[in-house]
file my_file-v6.txt (compact mmCIF, C-alpha atoms)
# COMPACT_ATOMS: atom_id res chain seq x y z
CA MET A 575 0.00 0.00 0.00
CA LYS A 576 1.45 3.35 -0.97
CA GLY A 577 0.21 5.71 1.68
CA PHE A 578 -2.63 6.70 3.95
CA ARG A 579 -4.53 9.88 4.65
CA ARG A 580 -6.86 10.28 7.60
CA ILE A 581 -10.50 10.90 6.75
CA THR A 582 -11.37 14.51 7.39
CA ALA A 583 -14.85 14.44 5.91
CA PRO A 584 -17.66 15.44 8.29
CA ARG A 585 -19.48 12.55 9.95
CA GLU A 586 -22.97 14.04 9.82
CA GLU A 587 -25.69 11.78 8.55
CA ALA A 588 -26.16 11.90 4.79
CA PRO A 589 -29.06 10.37 2.87
CA GLU A 590 -28.47 6.66 2.42
CA HIS A 591 -27.56 5.78 -1.14
CA SER A 592 -29.16 2.47 -1.99
CA MET A 593 -27.48 0.68 -4.89
CA ASP A 594 -29.95 -2.21 -5.03
CA PRO A 595 -32.98 -1.41 -7.23
CA ARG A 596 -34.97 -4.03 -5.33
CA ALA A 597 -34.17 -2.61 -1.93
CA PRO A 598 -37.26 -1.36 -0.05
CA GLU A 599 -37.72 2.37 0.02
CA GLU A 600 -37.97 2.41 3.80
CA ALA A 601 -35.35 -0.11 4.96
CA PRO A 602 -34.62 -0.34 8.68
CA TYR A 603 -31.62 1.72 9.71
CA ARG A 604 -28.33 -0.09 10.14
CA PRO A 605 -24.87 1.31 10.79
CA THR A 606 -22.86 1.69 7.61
CA VAL A 607 -19.80 -0.06 9.10
CA ILE A 608 -20.94 -3.52 10.19
CA ASP A 609 -17.52 -4.74 11.31
CA ASN A 610 -14.04 -3.29 11.24
CA ALA A 611 -11.07 -5.41 12.30
CA ILE A 612 -7.32 -5.78 11.97
CA TYR A 613 -5.83 -9.28 11.73
CA VAL A 614 -2.28 -10.45 12.24
CA ASP A 615 -1.25 -14.04 11.55
CA GLY A 616 -4.88 -15.14 11.35
CA HIS A 617 -5.99 -13.57 14.65
CA ARG A 618 -8.04 -10.45 15.33
CA VAL A 619 -5.76 -8.02 17.13
CA ASP A 620 -7.70 -4.77 16.99
CA ASN A 621 -11.21 -3.40 16.55
CA PRO A 622 -10.80 0.18 15.34
CA GLY A 623 -13.61 2.47 16.34
CA SER A 624 -13.71 4.21 12.96
CA LEU A 625 -12.49 3.80 9.42
CA ALA A 626 -9.86 6.42 10.03
CA ASP A 627 -8.52 4.43 12.99
CA ALA A 628 -8.44 1.31 10.83
CA PHE A 629 -6.31 3.12 8.27
CA GLU A 630 -3.86 4.20 10.98
CA ARG A 631 -3.64 0.74 12.59
CA LEU A 632 -2.98 -0.89 9.24
CA LYS A 633 -0.19 1.57 8.56
CA GLN A 634 1.38 1.07 11.99
CA MET A 635 1.25 -2.77 11.94
CA PRO A 636 3.30 -4.33 9.11
CA GLY A 637 2.05 -7.73 8.01
CA SER A 638 -1.49 -7.00 9.16
CA MET A 639 -4.71 -7.28 7.19
CA ALA A 640 -7.81 -5.07 7.46
CA TRP A 641 -11.24 -6.51 6.89
CA ILE A 642 -13.88 -3.80 6.64
CA GLY A 643 -17.51 -4.73 6.20
CA LEU A 644 -19.93 -2.08 4.95
CA TYR A 645 -23.70 -2.23 4.56
CA ARG A 646 -25.22 0.17 2.02
CA PRO A 647 -22.55 2.81 2.57
CA LYS A 648 -23.00 6.43 1.69
CA GLU A 649 -21.41 7.61 -1.51
CA TRP A 650 -18.89 9.87 0.20
CA GLU A 651 -17.70 6.95 2.34
CA LEU A 652 -16.93 4.91 -0.76
CA VAL A 653 -15.14 7.86 -2.28
CA LYS A 654 -12.98 8.22 0.83
CA LEU A 655 -12.25 4.52 0.87
CA GLY A 656 -11.18 4.80 -2.75
CA GLU A 657 -8.81 7.62 -1.89
CA GLU A 658 -7.25 5.80 1.07
CA PHE A 659 -6.81 2.45 -0.63
CA GLU A 660 -6.26 3.86 -4.12
CA LEU A 661 -9.21 1.96 -5.58
CA HIS A 662 -9.72 2.37 -9.30
CA GLU A 663 -12.37 4.92 -10.22
CA LEU A 664 -14.19 2.45 -12.50
CA ALA A 665 -14.54 -0.05 -9.67
CA LEU A 666 -15.78 2.68 -7.36
CA GLU A 667 -18.29 3.82 -9.96
CA ASP A 668 -19.64 0.27 -10.24
CA ALA A 669 -19.92 0.03 -6.45
CA ILE A 670 -21.75 3.36 -6.23
CA VAL A 671 -24.15 2.81 -9.11
CA GLY A 672 -24.75 -0.89 -8.45
CA SER A 673 -26.89 -3.26 -10.55
CA GLN A 674 -23.79 -4.97 -11.91
CA ARG A 675 -23.49 -8.44 -13.36
CA PRO A 676 -21.25 -10.95 -11.53
CA LYS A 677 -17.68 -10.31 -12.59
CA ALA A 678 -14.06 -10.02 -11.45
CA ASP A 679 -11.91 -7.11 -12.65
CA ARG A 680 -8.30 -6.55 -11.68
CA TYR A 681 -6.91 -3.03 -11.41
CA GLY A 682 -3.20 -3.22 -10.62
CA GLU A 683 -2.85 -4.92 -7.23
CA THR A 684 -6.55 -4.58 -6.42
CA LEU A 685 -9.18 -7.13 -7.39
CA PHE A 686 -12.81 -6.00 -7.67
CA VAL A 687 -15.41 -8.76 -7.49
CA VAL A 688 -19.18 -8.46 -7.94
CA LEU A 689 -21.37 -11.28 -6.67
CA ARG A 690 -25.12 -11.81 -6.79
CA ALA A 691 -26.42 -13.49 -3.67
CA ALA A 692 -29.91 -14.98 -3.50
CA ARG A 693 -32.31 -16.20 -0.85
CA TYR A 694 -35.72 -17.85 -1.04
CA LEU A 695 -38.61 -16.12 0.75
CA ASP A 696 -40.98 -18.86 1.88
CA ASP A 697 -43.82 -16.54 2.89
CA VAL A 698 -44.26 -15.05 -0.59
CA GLU A 699 -42.60 -17.90 -2.55
CA GLU A 700 -40.20 -15.56 -4.31
CA VAL A 701 -36.44 -15.27 -4.80
CA ALA A 702 -34.77 -12.12 -3.44
CA PHE A 703 -31.47 -11.12 -5.02
CA GLY A 704 -28.77 -9.00 -3.46
CA GLU A 705 -25.55 -7.48 -4.70
CA LEU A 706 -22.18 -7.79 -3.00
CA HIS A 707 -19.02 -5.93 -3.97
CA VAL A 708 -15.60 -7.06 -2.72
CA PHE A 709 -12.35 -5.10 -2.99
CA LEU A 710 -9.19 -7.16 -2.39
CA GLY A 711 -5.74 -5.68 -2.04
CA PRO A 712 -2.42 -7.01 -0.77
CA ASN A 713 -3.43 -6.39 2.86
CA PHE A 714 -7.09 -5.43 2.92
CA VAL A 715 -10.56 -6.73 2.19
CA ILE A 716 -13.49 -4.37 1.82
CA THR A 717 -16.97 -5.83 1.45
CA VAL A 718 -19.85 -3.63 0.35
CA ARG A 719 -23.16 -5.36 0.91
CA HIS A 720 -26.44 -4.02 -0.48
CA ALA A 721 -28.87 -6.67 0.78
CA GLU A 722 -29.45 -9.07 3.66
CA ALA A 723 -27.74 -11.97 1.90
CA PRO A 724 -25.12 -13.28 2.24
CA ASP A 725 -24.55 -13.36 5.99
CA LEU A 726 -20.98 -12.07 6.13
CA HIS A 727 -21.02 -12.10 9.92
CA ALA A 728 -21.17 -15.90 9.77
CA VAL A 729 -18.35 -15.87 7.21
CA ARG A 730 -16.19 -13.77 9.51
CA LYS A 731 -16.89 -16.04 12.50
CA ARG A 732 -15.97 -19.08 10.42
CA MET A 733 -12.69 -17.54 9.32
CA GLU A 734 -11.78 -16.34 12.81
CA SER A 735 -12.33 -19.88 14.11
CA ASP A 736 -9.77 -21.15 11.58
CA PRO A 737 -6.61 -19.00 11.95
CA ASP A 738 -4.63 -21.30 9.66
CA LEU A 739 -6.99 -20.44 6.81
CA LEU A 740 -7.35 -16.77 7.71
CA ARG A 741 -3.59 -16.19 7.84
CA GLN A 742 -3.49 -16.93 4.10
CA GLY A 743 -4.75 -13.41 3.62
CA PRO A 744 -7.35 -11.71 1.43
CA GLN A 745 -7.51 -14.64 -1.01
CA ALA A 746 -8.76 -16.89 1.79
CA VAL A 747 -11.43 -14.34 2.72
CA LEU A 748 -12.55 -14.19 -0.91
CA TYR A 749 -12.83 -17.99 -0.96
CA ALA A 750 -14.97 -17.94 2.19
CA ILE A 751 -17.26 -15.29 0.72
CA LEU A 752 -17.62 -17.23 -2.55
CA ASP A 753 -18.36 -20.38 -0.58
CA ALA A 754 -21.06 -18.60 1.45
CA VAL A 755 -22.69 -17.15 -1.66
CA VAL A 756 -22.75 -20.50 -3.48
CA ASP A 757 -23.98 -22.37 -0.38
CA GLY A 758 -26.76 -19.79 -0.12
CA TYR A 759 -28.02 -20.92 -3.50
CA ALA A 760 -29.00 -24.39 -2.17
CA PRO A 761 -32.20 -23.23 -0.37
CA VAL A 762 -33.12 -21.23 -3.48
CA VAL A 763 -32.77 -24.33 -5.66
CA ALA A 764 -34.94 -26.29 -3.21
CA GLY A 765 -37.55 -23.52 -3.18
CA LEU A 766 -37.67 -23.33 -6.97
CA GLN A 767 -37.99 -27.11 -7.17
CA LYS A 768 -40.99 -26.92 -4.82
CA ASP A 769 -42.55 -24.17 -6.93
CA LEU A 770 -42.11 -26.25 -10.08
CA GLU A 771 -43.83 -29.23 -8.48
CA GLU A 772 -46.75 -27.02 -7.42
CA ILE A 773 -46.99 -25.58 -10.93
CA GLU A 774 -47.05 -29.04 -12.46
CA ALA A 775 -49.96 -29.93 -10.17
CA GLN A 776 -51.75 -26.74 -11.21
CA VAL A 777 -51.21 -27.43 -14.90
CA PHE A 778 -52.66 -30.92 -14.80
CA GLY A 779 -55.37 -29.74 -12.43
CA GLY A 780 -56.59 -27.24 -15.00
CA ASP A 781 -55.91 -24.12 -12.91
CA PRO A 782 -56.38 -21.12 -15.26
CA SER A 783 -54.04 -18.89 -13.21
CA VAL A 784 -51.02 -21.15 -13.72
CA SER A 785 -49.81 -19.31 -16.86
CA ARG A 786 -49.10 -16.15 -14.90
CA ARG A 787 -47.22 -18.07 -12.21
CA VAL A 788 -45.14 -19.84 -14.84
CA TYR A 789 -44.26 -16.47 -16.38
CA GLU A 790 -43.24 -15.00 -13.01
CA LEU A 791 -41.18 -18.05 -12.05
CA SER A 792 -39.48 -18.02 -15.45
CA GLY A 793 -38.29 -14.49 -14.75
CA GLU A 794 -36.83 -15.54 -11.40
CA VAL A 795 -35.10 -18.55 -12.94
CA ILE A 796 -33.58 -16.41 -15.70
CA GLU A 797 -32.27 -13.89 -13.16
CA PHE A 798 -30.95 -16.72 -11.00
CA GLN A 799 -29.17 -18.16 -14.02
CA ARG A 800 -27.57 -14.78 -14.70
CA ALA A 801 -26.34 -14.72 -11.09
CA THR A 802 -24.87 -18.22 -11.07
CA GLN A 803 -23.55 -18.88 -14.56
CA PRO A 804 -20.69 -16.29 -14.56
CA LEU A 805 -19.38 -17.68 -11.26
CA ILE A 806 -18.00 -20.79 -12.93
CA ARG A 807 -15.76 -18.88 -15.32
CA MET A 808 -14.85 -16.43 -12.55
CA ILE A 809 -13.67 -19.15 -10.14
CA ASP A 810 -11.83 -20.95 -12.94
CA GLY A 811 -9.97 -17.70 -13.57
CA PHE A 812 -9.00 -17.47 -9.91
CA ILE A 813 -7.65 -21.04 -10.04
CA LEU A 814 -5.69 -20.41 -13.24
CA GLY A 815 -4.12 -17.29 -11.73
CA ALA A 816 -3.42 -18.93 -8.38
CA ALA A 817 0.31 -19.42 -8.94
CA LYS A 818 0.77 -15.84 -10.11
CA TYR A 819 -0.87 -14.38 -7.02
CA GLY A 820 0.56 -16.77 -4.47
CA VAL A 821 -2.49 -18.91 -3.73
CA ASN A 822 -1.38 -22.22 -2.19
CA GLN A 823 -2.57 -25.69 -3.16
CA GLU A 824 -4.94 -26.03 -0.20
CA LEU A 825 -6.81 -22.86 -1.10
CA GLN A 826 -6.92 -23.93 -4.74
CA SER A 827 -8.59 -27.18 -3.66
CA TYR A 828 -11.19 -25.19 -1.73
CA LEU A 829 -11.83 -23.04 -4.79
CA ARG A 830 -12.31 -26.15 -6.95
CA ASP A 831 -14.87 -27.40 -4.45
CA VAL A 832 -16.77 -24.12 -4.70
CA ALA A 833 -16.55 -24.34 -8.49
CA ASP A 834 -18.06 -27.84 -8.39
CA HIS A 835 -20.97 -26.59 -6.29
CA ALA A 836 -21.46 -23.64 -8.63
CA ILE A 837 -21.55 -25.99 -11.64
CA THR A 838 -24.16 -28.16 -9.91
CA VAL A 839 -26.32 -25.14 -9.16
CA SER A 840 -25.93 -23.82 -12.71
CA GLU A 841 -26.98 -27.17 -14.16
CA ARG A 842 -30.02 -27.35 -11.89
CA VAL A 843 -31.05 -23.83 -12.86
CA ALA A 844 -30.66 -24.67 -16.55
CA SER A 845 -32.86 -27.73 -16.03
CA PHE A 846 -35.46 -25.56 -14.27
CA ARG A 847 -35.56 -23.24 -17.27
CA GLN A 848 -36.04 -26.18 -19.63
CA MET A 849 -38.74 -27.63 -17.39
CA LEU A 850 -40.61 -24.32 -17.40
CA GLN A 851 -40.49 -24.23 -21.19
CA ASP A 852 -41.85 -27.78 -21.30
CA ILE A 853 -44.57 -26.85 -18.81
CA LEU A 854 -45.60 -23.92 -21.00
CA VAL A 855 -45.86 -26.25 -24.01
CA ILE A 856 -47.87 -28.80 -22.02
CA ASN A 857 -50.14 -26.10 -20.62
CA SER A 858 -50.71 -24.69 -24.10
CA THR A 859 -51.53 -28.19 -25.37
CA LEU A 860 -53.94 -28.83 -22.52
CA VAL A 861 -55.64 -25.46 -23.05
CA THR A 862 -55.99 -26.18 -26.77
CA GLN A 863 -57.34 -29.64 -25.99
CA ALA A 864 -59.83 -28.20 -23.52
CA LEU A 865 -60.99 -25.65 -26.08
CA THR A 866 -61.36 -28.38 -28.68
CA GLU A 867 -63.39 -30.53 -26.30
CA THR A 868 -65.57 -27.57 -25.46
CA SER A 869 -66.03 -26.82 -29.14
CA ILE A 870 -67.01 -30.46 -29.80
CA LYS A 871 -69.52 -30.41 -26.95
CA GLN A 872 -70.98 -27.18 -28.26
CA GLY A 873 -71.24 -28.76 -31.71
CA GLU A 874 -73.13 -31.73 -30.26
CA GLU A 875 -75.54 -29.41 -28.51
CA VAL A 876 -76.04 -27.41 -31.71
CA LYS A 877 -76.86 -30.62 -33.60
CA LYS A 878 -79.45 -31.62 -31.01
CA ILE A 879 -81.06 -28.20 -31.09
CA SER A 880 -81.03 -28.19 -34.89
CA ALA A 881 -82.61 -31.69 -35.03
CA TRP A 882 -85.44 -30.78 -32.65
CA ALA A 883 -85.99 -27.53 -34.50
CA ALA A 884 -86.37 -29.46 -37.77
CA ILE A 885 -88.79 -31.93 -36.16
CA LEU A 886 -90.93 -29.15 -34.73
CA PHE A 887 -90.78 -27.24 -38.00
CA ALA A 888 -92.63 -30.02 -39.93
CA PRO A 889 -96.00 -29.77 -38.07
CA THR A 890 -95.65 -26.01 -38.01
CA LEU A 891 -95.28 -25.99 -41.78
CA VAL A 892 -98.35 -28.25 -42.32
CA GLY A 893 -100.43 -26.29 -39.82
CA THR A 894 -99.42 -23.02 -41.42
CA ILE A 895 -100.45 -24.20 -44.90
CA TYR A 896 -103.85 -25.41 -43.80
CA GLY A 897 -104.34 -22.38 -41.63
CA MET A 898 -104.38 -20.03 -44.61
CA ASN A 899 -108.10 -20.81 -45.22
CA PHE A 900 -108.10 -20.15 -48.94
CA VAL A 901 -111.45 -20.83 -50.64
CA HIS A 902 -110.04 -23.19 -53.25
CA MET A 903 -108.34 -25.62 -50.88
CA PRO A 904 -110.17 -28.96 -51.41
CA GLU A 905 -108.92 -30.40 -48.11
CA LEU A 906 -110.76 -27.76 -46.08
CA LYS A 907 -114.15 -29.36 -46.78
CA TRP A 908 -112.88 -32.91 -46.75
CA LEU A 909 -114.32 -35.04 -43.95
CA LEU A 910 -110.96 -36.71 -43.27
CA GLY A 911 -108.92 -33.49 -43.72
CA TYR A 912 -108.17 -32.93 -40.06
CA PRO A 913 -107.14 -36.57 -39.29
CA PHE A 914 -105.05 -36.54 -42.48
CA ALA A 915 -103.21 -33.38 -41.38
CA ILE A 916 -102.54 -34.81 -37.91
CA VAL A 917 -101.30 -38.10 -39.35
CA LEU A 918 -99.16 -36.24 -41.88
CA MET A 919 -97.53 -34.10 -39.20
CA ALA A 920 -96.92 -37.11 -36.92
CA THR A 921 -95.48 -39.14 -39.79
CA VAL A 922 -93.06 -36.39 -40.83
CA CYS A 923 -91.98 -35.91 -37.22
CA LEU A 924 -91.38 -39.64 -36.73
CA VAL A 925 -89.46 -39.94 -39.98
CA LEU A 926 -87.24 -36.96 -39.08
CA TYR A 927 -86.68 -38.32 -35.57
CA ALA A 928 -85.62 -41.70 -36.97
CA VAL A 929 -83.23 -40.07 -39.44
CA PHE A 930 -81.60 -37.82 -36.81
CA LYS A 931 -81.39 -40.67 -34.33
CA ARG A 932 -79.62 -42.88 -36.83
CA ARG A 933 -77.07 -40.10 -37.46
CA ASP A 934 -76.53 -39.61 -33.71
CA TRP A 935 -77.92 -36.13 -33.73
CA LEU A 936 -80.32 -37.06 -30.94
call {"tool": "encode", "arguments": {"input": "my_file-v6.txt", "output": "structure tokens"}}
result
Amino acid sequence: MKGFRRITAPREEAPEHSMDPRAPEEAPYRPTVIDNAIYVDGHRVDNPGSLADAFERLKQMPGSMAWIGLYRPKEWELVKLGEEFELHELALEDAIVGSQRPKADRYGETLFVVLRAARYLDDVEEVAFGELHVFLGPNFVITVRHAEAPDLHAVRKRMESDPDLLRQGPQAVLYAILDAVVDGYAPVVAGLQKDLEEIEAQVFGGDPSVSRRVYELSGEVIEFQRATQPLIRMIDGFILGAAKYGVNQELQSYLRDVADHAITVSERVASFRQMLQDILVINSTLVTQALTETSIKQGEEVKKISAWAAILFAPTLVGTIYGMNFVHMPELKWLLGYPFAIVLMATVCLVLYAVFKRRDWL
């Protein structure tokens, strides 16, 4: 690290700058600095009361490592951090603006990593995504968290309980963060699997609202795929560059394990997307089939109505003709005229009924 300057910016409260577009407008207040610690040889040796104190302790203690955890920091705090640790302006801009895709960019001796954490909300059956930015230097780790997941407090406790791993420096902390993010995907995969099973039951149960749920779940699966798929190439890059940046064999093995888990998650998510496409096809087929069956039933009803209308039309026609009462109608004065008309109407009706019955119209 080249040099340090104490923060002289005023500490008055500034409006919180949320970099997560999905963050609630009225989030509960939390301190910007969640944890601030100095480590030497894998052990926590100091808990600076402010960021400025952390900068001073790091400068005064050669061989130490600072791990600063921030939660939705204010913009000016990130700017000051960038000045103190000489963070690249492009990385700072990404951290301030947010809504970045998962990636790893190296600027000189500093590595900037963007991760997309996810958690499944059982009460609303939805997937909530959060963004995590990590700055790694030769002797510092800065985490900028914009959502509840992942639980970096648990990551820190795990690392502090394993000094042999923590003494390997910022690369070991990055591994632990990656491991926590990927492990956090497991409940999401289980939740999505449950949703898919419920949707399948709705599809074959003829629920008309299932199309909307399929559409909404497809959006979550696509976003989940965008969060998980880049991790594989990212971790592979860390493993390929391990020798260059002094990552030992043990840590490389841990990274390969995380990569295997990420591949498994990515494959499951890809299968979910294919399953949703198949469900849409099946649902469309079932809807078309239902419409066809309805149309056939309507056609049968129309045939029955048409047949009875034709049968009733025959006596109406005969009665209408003989009801005209023209003078020159010989049947009007015929003694058997009325019985003849009745027999004629009955005969026509019976003949029509027999014809329609034979053709399955009745």
call {"tool": "residues_around", "arguments": {"input": "my_file-v6.txt", "residues": "Val687 (chain A)", "least_positions_apart": "3", "cutoff": "8 Å", "atoms": "all atoms listed in the file", "output": "mmCIF file with C-alpha atoms, in the frame of the given file"}}
result
data_model
loop_
_atom_site.group_PDB
_atom_site.id
_atom_site.type_symbol
_atom_site.label_atom_id
_atom_site.label_comp_id
_atom_site.auth_asym_id
_atom_site.auth_seq_id
_atom_site.Cartn_x
_atom_site.Cartn_y
_atom_site.Cartn_z
ATOM 1 C CA PRO A 676 -21.250 -10.950 -11.530
ATOM 2 C CA LYS A 677 -17.680 -10.310 -12.590
ATOM 3 C CA ALA A 678 -14.060 -10.020 -11.450
ATOM 4 C CA ASP A 679 -11.910 -7.110 -12.650
ATOM 5 C CA HIS A 707 -19.020 -5.930 -3.970
ATOM 6 C CA VAL A 708 -15.600 -7.060 -2.720
ATOM 7 C CA PHE A 709 -12.350 -5.100 -2.990
#
call {"tool": "closest_residue", "arguments": {"input": "my_file-v6.txt", "among": "A:Lys931, A:Arg719, A:Lys731, A:Arg690", "to": "Val756 (chain A)", "atoms": "only C-alpha atoms"}}
result
A:Arg690
call {"tool": "residues_around", "arguments": {"input": "my_file-v6.txt", "residues": "region 638-647 of chain A", "least_positions_apart": "5", "cutoff": "7 Å", "atoms": "only C-alpha atoms", "output": "PyMOL selection string"}}
result
chain A and resi 591-592+606-614+632+652+713-720
call {"tool": "write_last_selection", "arguments": {"input": "my_file-v6.txt", "atoms": "C-alpha atoms", "output": "PDB file, in the coordinates of the input"}}
result
ATOM      1  CA  HIS A 591     -27.560   5.780  -1.140  1.00  0.00           C
ATOM      2  CA  SER A 592     -29.160   2.470  -1.990  1.00  0.00           C
ATOM      3  CA  THR A 606     -22.860   1.690   7.610  1.00  0.00           C
ATOM      4  CA  VAL A 607     -19.800  -0.060   9.100  1.00  0.00           C
ATOM      5  CA  ILE A 608     -20.940  -3.520  10.190  1.00  0.00           C
ATOM      6  CA  ASP A 609     -17.520  -4.740  11.310  1.00  0.00           C
ATOM      7  CA  ASN A 610     -14.040  -3.290  11.240  1.00  0.00           C
ATOM      8  CA  ALA A 611     -11.070  -5.410  12.300  1.00  0.00           C
ATOM      9  CA  ILE A 612      -7.320  -5.780  11.970  1.00  0.00           C
ATOM     10  CA  TYR A 613      -5.830  -9.280  11.730  1.00  0.00           C
ATOM     11  CA  VAL A 614      -2.280 -10.450  12.240  1.00  0.00           C
ATOM     12  CA  LEU A 632      -2.980  -0.890   9.240  1.00  0.00           C
ATOM     13  CA  LEU A 652     -16.930   4.910  -0.760  1.00  0.00           C
ATOM     14  CA  ASN A 713      -3.430  -6.390   2.860  1.00  0.00           C
ATOM     15  CA  PHE A 714      -7.090  -5.430   2.920  1.00  0.00           C
ATOM     16  CA  VAL A 715     -10.560  -6.730   2.190  1.00  0.00           C
ATOM     17  CA  ILE A 716     -13.490  -4.370   1.820  1.00  0.00           C
ATOM     18  CA  THR A 717     -16.970  -5.830   1.450  1.00  0.00           C
ATOM     19  CA  VAL A 718     -19.850  -3.630   0.350  1.00  0.00           C
ATOM     20  CA  ARG A 719     -23.160  -5.360   0.910  1.00  0.00           C
ATOM     21  CA  HIS A 720     -26.440  -4.020  -0.480  1.00  0.00           C
TER      22      HIS A 720
END
call {"tool": "atom_distance", "arguments": {"input": "my_file-v6.txt", "atom1": "CA of Ile670 (chain A)", "atom2": "CA of Leu791 (chain A)"}}
result
29.5 Å
call {"tool": "residues_near_point", "arguments": {"input": "my_file-v6.txt", "point": "(-39.5, -12.9, -1.5)", "cutoff": "12 Å", "atoms": "all atoms listed in the file", "output": "count of residues only"}}
result
22
call {"tool": "closest_residue", "arguments": {"input": "my_file-v6.txt", "among": "A:Gly779, A:Gly616, A:Gly656, A:Pro712", "to": "Asp736 (chain A)", "atoms": "all atoms listed in the file"}}
result
A:Gly616
call {"tool": "atom_distance", "arguments": {"input": "my_file-v6.txt", "atom1": "CA of Glu651 (chain A)", "atom2": "CA of Arg741 (chain A)"}}
result
27.7 Å
call {"tool": "atom_distance", "arguments": {"input": "my_file-v6.txt", "atom1": "CA of Thr862 (chain A)", "atom2": "CA of Glu772 (chain A)"}}
result
21.5 Å
call {"tool": "residues_around", "arguments": {"input": "my_file-v6.txt", "residues": "Ala833 (chain A)", "least_positions_apart": "4", "cutoff": "10 Å", "atoms": "only C-alpha atoms", "output": "MDAnalysis selection string"}}
result
chainID A and resid 752:753 756 805:810 813 827:829 837:839
call {"tool": "closest_residue", "arguments": {"input": "my_file-v6.txt", "among": "A:Phe798, A:Phe914, A:Tyr749, A:Phe812", "to": "Arg680 (chain A)", "atoms": "all atoms listed in the file"}}
result
A:Phe812
call {"tool": "closest_residue", "arguments": {"input": "my_file-v6.txt", "among": "A:Glu658, A:Ala721, A:Glu874, A:Trp908", "to": "Ser673 (chain A)", "atoms": "all atoms listed in the file"}}
result
A:Ala721
call {"tool": "decode", "arguments": {"input": "my_file-v6.txt", "residues": "region 682-696 of chain A", "atoms": "N, CA and C atoms", "output": "CSV table (one decimal), in the first residue's frame"}}
result
chain,number,residue,atom,x,y,z
A,682,GLY,N,-4.5,-3.2,-11.3
A,682,GLY,CA,-3.2,-3.2,-10.6
A,682,GLY,C,-3.2,-4.3,-9.6
A,683,GLU,N,-2.9,-3.9,-8.3
A,683,GLU,CA,-2.8,-4.9,-7.2
A,683,GLU,C,-4.2,-5.1,-6.6
A,684,THR,N,-5.2,-4.5,-7.0
A,684,THR,CA,-6.5,-4.6,-6.4
A,684,THR,C,-7.5,-5.4,-7.3
A,685,LEU,N,-8.2,-6.3,-6.7
A,685,LEU,CA,-9.2,-7.1,-7.4
A,685,LEU,C,-10.6,-6.7,-7.0
A,686,PHE,N,-11.4,-6.4,-7.9
A,686,PHE,CA,-12.8,-6.0,-7.7
A,686,PHE,C,-13.7,-7.1,-8.1
A,687,VAL,N,-14.5,-7.6,-7.2
A,687,VAL,CA,-15.4,-8.8,-7.5
A,687,VAL,C,-16.9,-8.4,-7.2
A,688,VAL,N,-17.7,-8.7,-8.1
A,688,VAL,CA,-19.2,-8.5,-7.9
A,688,VAL,C,-19.9,-9.8,-7.9
A,689,LEU,N,-20.6,-10.0,-6.8
A,689,LEU,CA,-21.4,-11.3,-6.7
A,689,LEU,C,-22.9,-11.0,-6.5
A,690,ARG,N,-23.7,-11.9,-6.9
A,690,ARG,CA,-25.1,-11.8,-6.8
A,690,ARG,C,-25.6,-12.9,-5.9
A,691,ALA,N,-25.9,-12.5,-4.6
A,691,ALA,CA,-26.4,-13.5,-3.7
A,691,ALA,C,-27.9,-13.6,-3.9
A,692,ALA,N,-28.5,-14.7,-3.4
A,692,ALA,CA,-29.9,-15.0,-3.5
A,692,ALA,C,-30.4,-15.7,-2.3
A,693,ARG,N,-31.7,-15.5,-1.9
A,693,ARG,CA,-32.3,-16.2,-0.8
A,693,ARG,C,-33.8,-16.4,-1.2
A,694,TYR,N,-34.3,-17.5,-0.7
A,694,TYR,CA,-35.7,-17.8,-1.0
A,694,TYR,C,-36.6,-17.4,0.1
A,695,LEU,N,-37.7,-16.6,-0.2
A,695,LEU,CA,-38.6,-16.1,0.7
A,695,LEU,C,-39.8,-17.0,0.8
A,696,ASP,N,-39.9,-17.9,1.8
A,696,ASP,CA,-41.0,-18.9,1.9
A,696,ASP,C,-42.4,-18.2,2.0
